[in-house]
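Undergrad: Here you go, one structure.
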Amino acid sequence: MNKTVSISIILALIMIIGAIFWGGSRNNTNTTTSEAVQNSEIKDGIQYITVSARGGYMPKVSMAKAGIPTKLILKTNGTYDCSASLVIRSIGFQKILPQTGETEIDLGVPKVGEPVRGVCGMGMYSFLINFS
């Protein structure tokens, strides 16, 4: 192996490790409730929480009320990245979202202290819904 190839491999490894380190801290969902967003509304006795999926999930942390039938609305708009592949393990949900549109997911009646966490298929992007 020549010197140029060795240097290229080392630089590539440094870039990959840096991306993992920087990306991991940027997508951390272990945030406090003061950083959470109230993005829910109650219509006809059902709570709807809206999250956008494109280049990650927005908002990353949401606050909602526990003890109410709840549905999650995932909105996509030209979503071609891994955030279109959604997994919510706590409810056994796994689906490729449409590139553009809305997907309604029934979360049942969430309990206090039992958050719902969604993650993309590659584990790069995530969101968290806290219930109080």
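Residues in the structure tokens are named by chain (A, B, ... in the order shown) and by number from 1 within that chain; ligands are numbered from 1 in the order shown.
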Which of range 9-131 of chain A end up as helix (DSSP H, G or I) when DSSP is run on this backbone - answer as a list in words?
TA: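 Everything in range 9-131 of chain A that counts as helix (DSSP H, G or I) is Ile9, Ile10, Leu11, Ala12, Leu13, Ile14, Met15, Ile16, Ile17, Gly18, Ala19, Ile20, Phe21, Trp22, Gly23, Gly24, Ser25, Arg26, Thr33, Ser34, Glu35, Cys82, Ser83, Ala84, Arg89, Ser90 and Ile91 of chain A.
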Undergrad: Could you save the residues just selected, with C-alpha atoms, as a JSON list (two decimals), in the first residue's frame?
TA:
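What follows is the written file result.json:
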```
[["chain", "number", "residue", "atom", "x", "y", "z"],
["A", 9, "ILE", "CA", -7.70, 5.82, 4.73],
["A", 10, "ILE", "CA", -6.60, 7.55, 7.94],
["A", 11, "LEU", "CA", -8.34, 10.80, 6.94],
["A", 12, "ALA", "CA", -11.51, 8.92, 6.04],
["A", 13, "LEU", "CA", -11.52, 7.17, 9.43],
["A", 14, "ILE", "CA", -11.03, 10.48, 11.24],
["A", 15, "MET", "CA", -13.96, 11.98, 9.30],
["A", 16, "ILE", "CA", -16.21, 9.00, 10.04],
["A", 17, "ILE", "CA", -15.39, 9.03, 13.76],
["A", 18, "GLY", "CA", -15.95, 12.80, 13.87],
["A", 19, "ALA", "CA", -19.32, 12.46, 12.11],
["A", 20, "ILE", "CA", -20.43, 9.77, 14.56],
["A", 21, "PHE", "CA", -19.34, 11.81, 17.57],
["A", 22, "TRP", "CA", -20.82, 15.10, 16.32],
["A", 23, "GLY", "CA", -23.99, 13.48, 14.94],
["A", 24, "GLY", "CA", -24.58, 11.51, 18.12],
["A", 25, "SER", "CA", -24.58, 14.61, 20.30],
["A", 26, "ARG", "CA", -26.70, 16.57, 17.84],
["A", 33, "THR", "CA", -38.99, 18.94, 29.43],
["A", 34, "SER", "CA", -38.09, 22.65, 29.24],
["A", 35, "GLU", "CA", -36.72, 21.91, 25.75],
["A", 82, "CYS", "CA", -33.68, 7.51, 6.32],
["A", 83, "SER", "CA", -36.23, 9.46, 8.38],
["A", 84, "ALA", "CA", -38.83, 7.99, 6.00],
["A", 89, "ARG", "CA", -40.57, -0.28, 19.18],
["A", 90, "SER", "CA", -42.93, 0.31, 22.13],
["A", 91, "ILE", "CA", -45.97, -0.23, 19.89]]
```
Undergrad: I need the residues of chain A that end up classed as strand (DSSP E) by DSSP on the backbone, written out as a ChimeraX atom specification.
TA: /A:40-43,46-53,57-58,61-64,70-77,85-88,93-96,100-108,116-120,126-131
Undergrad: Pull N, CA and C atoms from the residues just selected and write them as a compact mmCIF listing (two decimals), in the first residue's frame.
TA:
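Below you can see result.txt, which holds the result:
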```txt
# COMPACT_ATOMS: atom_id res chain seq x y z
N SER A 40 -49.38 19.31 20.27
CA SER A 40 -50.54 18.43 20.24
C SER A 40 -51.81 19.24 20.34
N GLU A 41 -52.88 18.65 19.84
CA GLU A 41 -54.20 19.27 19.97
C GLU A 41 -55.22 18.16 20.17
N ILE A 42 -56.28 18.49 20.89
CA ILE A 42 -57.33 17.51 21.17
C ILE A 42 -58.57 17.89 20.36
N LYS A 43 -59.03 16.92 19.54
CA LYS A 43 -60.24 17.08 18.72
C LYS A 43 -61.13 15.88 18.97
N ILE A 46 -59.81 13.00 21.04
CA ILE A 46 -58.59 12.32 20.61
C ILE A 46 -57.47 13.35 20.52
N GLN A 47 -56.33 13.00 21.09
CA GLN A 47 -55.16 13.87 21.05
C GLN A 47 -54.34 13.55 19.81
N TYR A 48 -53.99 14.58 19.05
CA TYR A 48 -53.17 14.43 17.85
C TYR A 48 -51.83 15.13 18.08
N ILE A 49 -50.76 14.40 17.86
CA ILE A 49 -49.41 14.95 17.99
C ILE A 49 -48.80 14.94 16.59
N THR A 50 -48.30 16.08 16.15
CA THR A 50 -47.76 16.19 14.80
C THR A 50 -46.24 16.30 14.83
N VAL A 51 -45.59 15.44 14.04
CA VAL A 51 -44.13 15.44 13.91
C VAL A 51 -43.81 15.42 12.42
N SER A 52 -42.87 16.25 12.00
CA SER A 52 -42.42 16.27 10.61
C SER A 52 -41.20 15.38 10.45
N ALA A 53 -41.15 14.67 9.32
CA ALA A 53 -40.02 13.78 9.03
C ALA A 53 -39.37 14.21 7.72
N TYR A 57 -36.34 14.42 12.54
CA TYR A 57 -37.71 14.60 13.02
C TYR A 57 -37.80 15.91 13.78
N MET A 58 -38.87 16.64 13.53
CA MET A 58 -39.10 17.91 14.20
C MET A 58 -40.51 17.95 14.72
N VAL A 61 -38.38 16.62 20.65
CA VAL A 61 -39.02 16.26 21.91
C VAL A 61 -40.37 16.97 21.97
N SER A 62 -41.41 16.20 22.27
CA SER A 62 -42.77 16.73 22.37
C SER A 62 -43.34 16.43 23.74
N MET A 63 -44.25 17.27 24.18
CA MET A 63 -44.99 17.05 25.43
C MET A 63 -46.46 16.85 25.08
N ALA A 64 -47.10 15.89 25.76
CA ALA A 64 -48.52 15.63 25.53
C ALA A 64 -49.14 15.15 26.83
N THR A 70 -54.60 8.71 21.84
CA THR A 70 -53.63 9.56 21.15
C THR A 70 -53.23 8.98 19.80
N LYS A 71 -53.12 9.87 18.84
CA LYS A 71 -52.65 9.49 17.50
C LYS A 71 -51.49 10.40 17.13
N LEU A 72 -50.49 9.79 16.53
CA LEU A 72 -49.32 10.51 16.04
C LEU A 72 -49.49 10.73 14.54
N ILE A 73 -49.32 11.97 14.11
CA ILE A 73 -49.39 12.30 12.69
C ILE A 73 -47.97 12.60 12.22
N LEU A 74 -47.45 11.77 11.34
CA LEU A 74 -46.12 11.98 10.76
C LEU A 74 -46.31 12.63 9.40
N LYS A 75 -45.74 13.81 9.22
CA LYS A 75 -45.85 14.53 7.95
C LYS A 75 -44.53 14.42 7.19
N THR A 76 -44.64 14.06 5.94
CA THR A 76 -43.47 14.01 5.06
C THR A 76 -43.71 14.95 3.88
N ASN A 77 -42.62 15.53 3.39
CA ASN A 77 -42.71 16.43 2.24
C ASN A 77 -41.41 16.32 1.45
N SER A 85 -38.01 5.94 7.03
CA SER A 85 -38.11 4.59 7.58
C SER A 85 -38.27 4.70 9.08
N LEU A 86 -39.50 4.56 9.58
CA LEU A 86 -39.79 4.82 10.98
C LEU A 86 -40.02 3.54 11.77
N VAL A 87 -39.42 3.50 12.96
CA VAL A 87 -39.60 2.39 13.90
C VAL A 87 -40.01 2.97 15.25
N ILE A 88 -41.12 2.46 15.81
CA ILE A 88 -41.53 2.79 17.18
C ILE A 88 -41.67 1.46 17.89
N PHE A 93 -44.35 -0.78 15.81
CA PHE A 93 -44.57 -0.12 14.52
C PHE A 93 -43.27 -0.04 13.73
N GLN A 94 -43.35 -0.42 12.46
CA GLN A 94 -42.21 -0.30 11.56
C GLN A 94 -42.77 -0.12 10.16
N LYS A 95 -42.42 1.00 9.51
CA LYS A 95 -43.00 1.28 8.20
C LYS A 95 -42.14 2.28 7.43
N ILE A 96 -42.18 2.15 6.12
CA ILE A 96 -41.59 3.16 5.25
C ILE A 96 -42.70 4.18 4.98
N THR A 100 -44.21 11.95 0.36
CA THR A 100 -44.97 13.15 0.70
C THR A 100 -46.36 12.71 1.15
N GLY A 101 -46.79 13.23 2.29
CA GLY A 101 -48.11 12.89 2.79
C GLY A 101 -48.15 12.86 4.31
N GLU A 102 -49.23 12.29 4.84
CA GLU A 102 -49.40 12.16 6.28
C GLU A 102 -49.68 10.71 6.62
N THR A 103 -49.08 10.25 7.69
CA THR A 103 -49.30 8.89 8.19
C THR A 103 -49.81 9.00 9.62
N GLU A 104 -50.96 8.39 9.89
CA GLU A 104 -51.56 8.41 11.22
C GLU A 104 -51.24 7.11 11.94
N ILE A 105 -50.70 7.24 13.15
CA ILE A 105 -50.28 6.07 13.94
C ILE A 105 -51.01 6.13 15.28
N ASP A 106 -51.73 5.08 15.61
CA ASP A 106 -52.47 5.01 16.86
C ASP A 106 -51.52 4.65 18.00
N LEU A 107 -51.41 5.52 18.99
CA LEU A 107 -50.54 5.27 20.15
C LEU A 107 -51.32 4.74 21.34
N GLY A 108 -52.61 4.51 21.17
CA GLY A 108 -53.43 4.01 22.28
C GLY A 108 -53.69 5.10 23.29
N VAL A 116 -42.89 7.72 24.34
CA VAL A 116 -42.86 7.04 23.05
C VAL A 116 -41.65 7.58 22.29
N ARG A 117 -40.79 6.67 21.84
CA ARG A 117 -39.59 7.06 21.09
C ARG A 117 -39.67 6.47 19.69
N GLY A 118 -39.48 7.33 18.71
CA GLY A 118 -39.41 6.91 17.32
C GLY A 118 -37.99 7.07 16.83
N VAL A 119 -37.58 6.19 15.94
CA VAL A 119 -36.22 6.25 15.42
C VAL A 119 -36.25 5.87 13.94
N CYS A 120 -35.36 6.44 13.17
CA CYS A 120 -35.28 6.08 11.75
C CYS A 120 -34.69 4.67 11.63
N SER A 126 -34.01 10.54 15.70
CA SER A 126 -35.03 10.05 16.63
C SER A 126 -35.88 11.21 17.13
N PHE A 127 -37.01 10.84 17.73
CA PHE A 127 -37.85 11.81 18.41
C PHE A 127 -38.41 11.14 19.66
N LEU A 128 -38.86 11.96 20.59
CA LEU A 128 -39.37 11.49 21.87
C LEU A 128 -40.65 12.24 22.19
N ILE A 129 -41.66 11.51 22.67
CA ILE A 129 -42.89 12.14 23.15
C ILE A 129 -43.03 11.77 24.62
N ASN A 130 -43.01 12.79 25.48
CA ASN A 130 -43.19 12.61 26.91
C ASN A 130 -44.65 12.87 27.26
N PHE A 131 -45.22 12.06 28.16
CA PHE A 131 -46.60 12.21 28.57
C PHE A 131 -46.66 12.56 30.04
```
Undergrad: Please report the interatomic distance between CA of Lys65 in chain A and CA of Gly113 in chain A in Å with one decimal.
TA: 10.7 Å
Undergrad: With distances taken over only C-alpha atoms, which of A:Pro115, A:Pro98, A:Gly67, A:Gly78 is nearest to Gly55 in chain A?
TA: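 Once distances to Gly55 in chain A are computed over only C-alpha atoms, the minimum belongs to A:Gly78.
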Undergrad: Quick one: distance from CA of Gly92 in chain A to CA of Gly121 in chain A in Å, one decimal?
TA: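 One can read the CA of Gly92 in chain A to CA of Gly121 in chain A distance as 13.4 Å.
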Undergrad: Considering only C-alpha atoms, state which residue in the set A:Gly56, A:Tyr125, A:Ser8, A:Ile68 is at the smallest distance from Val112 in chain A.
TA: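 Looking only at the distances to Val112 in chain A, the closest residue turns out to be A:Ile68.
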Undergrad: For each of A:Gln99, A:Ala36, A:Lys111, A:Asp81, take the minimum atom-to-atom distance to Met124 in chain A, counting only C-alpha atoms, then give the residue where this is smallest.
TA: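 Going through A:Gln99, A:Ala36, A:Lys111, A:Asp81 one by one, the smallest distance to Met124 in chain A is for A:Asp81.
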Undergrad: For CA of Gln38 in chain A and CA of Pro110 in chain A, determine how far apart the two atoms are, in Å to one decimal place.
TA: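 Computing the Euclidean distance for CA of Gln38 in chain A and CA of Pro110 in chain A yields 15.8 Å.
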